[in-house]
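To keep things clear, I will list the structure first and then write my remarks on it.
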Amino acid sequence: MRRPFTPRFAAYVAAIFVLLGLVQLVGSLLFYQAIDRQSLSDDHARRVAELLVVSDRVHAIDPALTAFTMSTRHLAADVAPAPAVRAPARIATLERIAHRIVEWEPSLANRSLRLATRHAADGKQDLVGSIRLANGTWLNFRSRDISSMWPVALRATVLTLGTTIILIGIGLAALHILARPLRRLTDAAEAIGQGRRVAISEGGSNDLRNLAHAMNVMQDRIERLLQDQARSFEAISHDLRTPLSRQKIAAELIGDEELAQIVLSSVEEMEALLASLQRFLRAQHLTASAETIELNPFVREVLAPFGDRARLIEGKEGRVRTFPEPLSLALAALVENAIQFGDEARVTIHGGKAGWTIAVADAGPGIPPRYFDAVLDPFFRLDEARARDTKGFGLGIPTAHRLMMRFNGHLSFANAGDGSLIACLRVPETVEA
């Protein structure tokens, strides 16, 4: 089963993209603001230069038409006997504009030109000025909004921001596509770590192909090791059962009934140990196909061999597509463990659309929560919580855990209110065919 994609790496990359975009945006704003300031100064200087030259000509033709002709949406003009600006302001921006006016119209170099700024009603600053006309009157003018630095910068901001968003989207899409083989390899590595066999496609760049090939070779080696391990144990088990059978026969010939019973008990315990170890090793390489089952009758069938010592307390009806053989082996191992250490097994079935859980509760002393992880390890014996005279290798819980890991299930534990242990199997599920 493919694990959900967690876009943590993509979020980090997106954050880097955003940071780079912000740096670019701030730099662009500073750049365009400087350009805008210079452009505005030139624009005001050009307007004033044109006004002054044209106004001289219009005033020479008809003085009454000067103010009306020279007033526009951006610039207001009128003729008065006194200047609106009594003395020019000593401000660097205004001096630069005055210098640019003369550059635009050198004929104005010897004219009495006075510039200043005035606050407008909307909070902006206007450029105001006065220049003496040929007849001694003064042409007063007002060029609106000299303080604005944002017409070009605002457009540049929007353009840069839009470009940054588009580039982030393209970058994340490309990252998603480029990282897809890595995510597949990550999923495969996680599945291999849980004991599953995964067919990894050896495609992509050379490095990815080499990595995929190495993982496939590793899987083959692990599978061969497990098979060799299983075959070796089968051979050892077969060889051990022969002398055990002879001991059974010899025990029947012993005249002392108590001694014969001790020998038979030892033989039965050794056979149980071998069977437990065999089930654990089988869980390492078991393969199974998914089937749709009815959980309630399925659980009852698994509990049947244990008789009255295993009871289905609450069995919610439900259909699920799962792996029946691994689930039955895991449940049987937990029930056997509950009976061995807690005298009985009380089984309940819970779940619905969010998933199904089979809980196995015993009547034993429970396990301290700090040991919940340790009991998953093979051959771990918790003598503090369990009796010291219990039989077995302690492979029931590890066997169930390995089966659930390999088939996408889960095993967890909790202690009931009376102190007994509850083992919860989350039923492995697959998509309905």
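Starting from 1 in every chain, residues are counted up; chains themselves are A, B, ... following the order of the structure tokens, and ligands are numbered from 1 as listed.
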
- Would you return as a count of residues only the members of segment 239-379 of chain A that DSSP assigns to helix (DSSP H, G or I) on this structure's backbone? 84

- Selected residue of minimal separation from Ala45 of chain A among A:Gly129, A:Pro81, A:Pro378, A:Gly417, counting only C-alpha atoms: A:Gly129

- Item | Distance query Asp78 of chain A at most 9 Å, only C-alpha atoms, self and fewer than 6 positions along chain excluded, as a list in words |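 Residues meeting the cut-off are Thr66, Ala67, Phe68, Met70, Ser71, Trp138, Leu139, Asn140 and Phe141 of chain A.
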
- Message: Set the distance at 12 Å and use only C-alpha atoms: which residues neighbour Leu425 of chain A once local chain neighbours fewer than 2 positions away are removed? I'd like the list as a PyMOL selection string.
- Response: chain A and resi 326-335+347-351+355-361+397+400-405+407-414+422-423+427-429

- Message: Quick check, in Å to one decimal: how far apart do atom CA of Pro243 of chain A and atom CA of Leu225 of chain A lie?
- Response: 27.7 Å

- Query: Between A:Ile91, A:Leu75, A:Leu281, A:Leu303, which is the closest to Arg231 of chain A once you count only C-alpha atoms?
  - Reply: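 Between A:Ile91, A:Leu75, A:Leu281, A:Leu303, the residue approaching Arg231 of chain A most closely is A:Leu281.
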
- Message: Please return, as a PyMOL selection string, all residues of segment 115-254 of chain A that DSSP assigns to strand (DSSP E) on the basis of the backbone.
- Response: chain A and resi 115-119+125-132+138-143

Can you spit out the residues from that selection as a PDB file, in the first residue's frame, using N, CA and C atoms?
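Writing the result to part.pdb gives the following:
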ATOM      1  N   LEU A 115      10.786  77.710  -8.254  1.00  0.00           N
ATOM      2  CA  LEU A 115      10.073  76.441  -8.042  1.00  0.00           C
ATOM      3  C   LEU A 115       9.912  76.172  -6.552  1.00  0.00           C
ATOM      4  N   ALA A 116       8.799  75.534  -6.202  1.00  0.00           N
ATOM      5  CA  ALA A 116       8.541  75.123  -4.813  1.00  0.00           C
ATOM      6  C   ALA A 116       7.534  73.967  -4.852  1.00  0.00           C
ATOM      7  N   THR A 117       7.249  73.426  -3.698  1.00  0.00           N
ATOM      8  CA  THR A 117       6.251  72.345  -3.589  1.00  0.00           C
ATOM      9  C   THR A 117       5.129  72.790  -2.668  1.00  0.00           C
ATOM     10  N   ARG A 118       3.942  72.299  -2.941  1.00  0.00           N
ATOM     11  CA  ARG A 118       2.779  72.601  -2.127  1.00  0.00           C
ATOM     12  C   ARG A 118       2.020  71.301  -1.861  1.00  0.00           C
ATOM     13  N   HIS A 119       1.441  71.185  -0.678  1.00  0.00           N
ATOM     14  CA  HIS A 119       0.634  70.011  -0.341  1.00  0.00           C
ATOM     15  C   HIS A 119      -0.739  70.133  -0.987  1.00  0.00           C
ATOM     16  N   GLN A 125       1.993  65.897  -3.038  1.00  0.00           N
ATOM     17  CA  GLN A 125       2.719  67.150  -3.221  1.00  0.00           C
ATOM     18  C   GLN A 125       2.723  67.530  -4.691  1.00  0.00           C
ATOM     19  N   ASP A 126       2.430  68.829  -4.966  1.00  0.00           N
ATOM     20  CA  ASP A 126       2.448  69.354  -6.328  1.00  0.00           C
ATOM     21  C   ASP A 126       3.656  70.257  -6.504  1.00  0.00           C
ATOM     22  N   LEU A 127       4.118  70.312  -7.740  1.00  0.00           N
ATOM     23  CA  LEU A 127       5.202  71.226  -8.093  1.00  0.00           C
ATOM     24  C   LEU A 127       4.577  72.558  -8.527  1.00  0.00           C
ATOM     25  N   VAL A 128       4.926  73.627  -7.843  1.00  0.00           N
ATOM     26  CA  VAL A 128       4.437  74.960  -8.223  1.00  0.00           C
ATOM     27  C   VAL A 128       5.630  75.820  -8.622  1.00  0.00           C
ATOM     28  N   GLY A 129       5.358  76.804  -9.496  1.00  0.00           N
ATOM     29  CA  GLY A 129       6.443  77.660  -9.959  1.00  0.00           C
ATOM     30  C   GLY A 129       5.930  78.964 -10.549  1.00  0.00           C
ATOM     31  N   SER A 130       6.848  79.869 -10.708  1.00  0.00           N
ATOM     32  CA  SER A 130       6.534  81.175 -11.306  1.00  0.00           C
ATOM     33  C   SER A 130       7.692  81.570 -12.209  1.00  0.00           C
ATOM     34  N   ILE A 131       7.357  82.196 -13.364  1.00  0.00           N
ATOM     35  CA  ILE A 131       8.380  82.693 -14.288  1.00  0.00           C
ATOM     36  C   ILE A 131       7.882  84.017 -14.871  1.00  0.00           C
ATOM     37  N   ARG A 132       8.774  84.981 -14.977  1.00  0.00           N
ATOM     38  CA  ARG A 132       8.393  86.307 -15.463  1.00  0.00           C
ATOM     39  C   ARG A 132       8.236  86.272 -16.982  1.00  0.00           C
ATOM     40  N   TRP A 138       3.621  87.675 -14.379  1.00  0.00           N
ATOM     41  CA  TRP A 138       4.160  86.363 -13.977  1.00  0.00           C
ATOM     42  C   TRP A 138       3.222  85.225 -14.413  1.00  0.00           C
ATOM     43  N   LEU A 139       3.832  84.215 -14.977  1.00  0.00           N
ATOM     44  CA  LEU A 139       3.082  82.982 -15.287  1.00  0.00           C
ATOM     45  C   LEU A 139       3.276  82.026 -14.104  1.00  0.00           C
ATOM     46  N   ASN A 140       2.182  81.777 -13.394  1.00  0.00           N
ATOM     47  CA  ASN A 140       2.211  80.834 -12.266  1.00  0.00           C
ATOM     48  C   ASN A 140       1.649  79.487 -12.731  1.00  0.00           C
ATOM     49  N   PHE A 141       2.292  78.386 -12.364  1.00  0.00           N
ATOM     50  CA  PHE A 141       1.840  77.060 -12.819  1.00  0.00           C
ATOM     51  C   PHE A 141       1.907  76.069 -11.651  1.00  0.00           C
ATOM     52  N   ARG A 142       1.148  75.017 -11.811  1.00  0.00           N
ATOM     53  CA  ARG A 142       1.100  73.966 -10.788  1.00  0.00           C
ATOM     54  C   ARG A 142       1.070  72.602 -11.500  1.00  0.00           C
ATOM     55  N   SER A 143       2.131  71.807 -11.329  1.00  0.00           N
ATOM     56  CA  SER A 143       2.217  70.459 -11.907  1.00  0.00           C
ATOM     57  C   SER A 143       1.866  69.451 -10.817  1.00  0.00           C
TER      58      SER A 143
END

- Spatial neighbours of Gly307 of chain A, 12 Å, only C-alpha atoms, chain gap at least 3 places, as a ChimeraX atom specification: /A:300-304,310-312,335-336,339,344-345

- Task: One decimal, Å: what's the distance from atom CA of Val267 of chain A over to atom CA of Ile236 of chain A, could you say?
- Result: 15.7 Å

Hey, what's within 10 Å of Arg282 of chain A if we count only C-alpha atoms and toss same-chain stuff fewer than 6 positions away? As a PDB file with N, CA and C atoms, in the first residue's frame, please?
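Generated output (out_27.pdb):
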ATOM      1  N   LEU A 226      16.349 -15.803   3.984  1.00  0.00           N
ATOM      2  CA  LEU A 226      15.190 -16.289   4.721  1.00  0.00           C
ATOM      3  C   LEU A 226      14.822 -17.708   4.308  1.00  0.00           C
ATOM      4  N   GLN A 227      14.904 -17.962   3.007  1.00  0.00           N
ATOM      5  CA  GLN A 227      14.594 -19.317   2.533  1.00  0.00           C
ATOM      6  C   GLN A 227      15.619 -20.312   3.059  1.00  0.00           C
ATOM      7  N   GLN A 229      17.321 -19.977   5.740  1.00  0.00           N
ATOM      8  CA  GLN A 229      17.050 -20.099   7.175  1.00  0.00           C
ATOM      9  C   GLN A 229      15.896 -21.057   7.424  1.00  0.00           C
ATOM     10  N   ALA A 230      14.820 -20.906   6.626  1.00  0.00           N
ATOM     11  CA  ALA A 230      13.652 -21.770   6.798  1.00  0.00           C
ATOM     12  C   ALA A 230      14.004 -23.221   6.482  1.00  0.00           C
ATOM     13  N   SER A 276       6.538 -23.279  17.739  1.00  0.00           N
ATOM     14  CA  SER A 276       6.508 -21.829  17.888  1.00  0.00           C
ATOM     15  C   SER A 276       7.577 -21.161  17.025  1.00  0.00           C
ATOM     16  N   THR A 399       5.559 -12.909  16.448  1.00  0.00           N
ATOM     17  CA  THR A 399       5.036 -13.499  15.213  1.00  0.00           C
ATOM     18  C   THR A 399       3.872 -12.669  14.667  1.00  0.00           C
ATOM     19  N   LEU A 403       3.873 -10.431  11.084  1.00  0.00           N
ATOM     20  CA  LEU A 403       2.833 -10.635  10.070  1.00  0.00           C
ATOM     21  C   LEU A 403       2.107  -9.338   9.762  1.00  0.00           C
TER      22      LEU A 403
END

- Query: What gap, in Å, lies between atom CA of Ala214 of chain A and atom CA of Phe323 of chain A?
  - Reply: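 Interatomic distance here is 29.1 Å.
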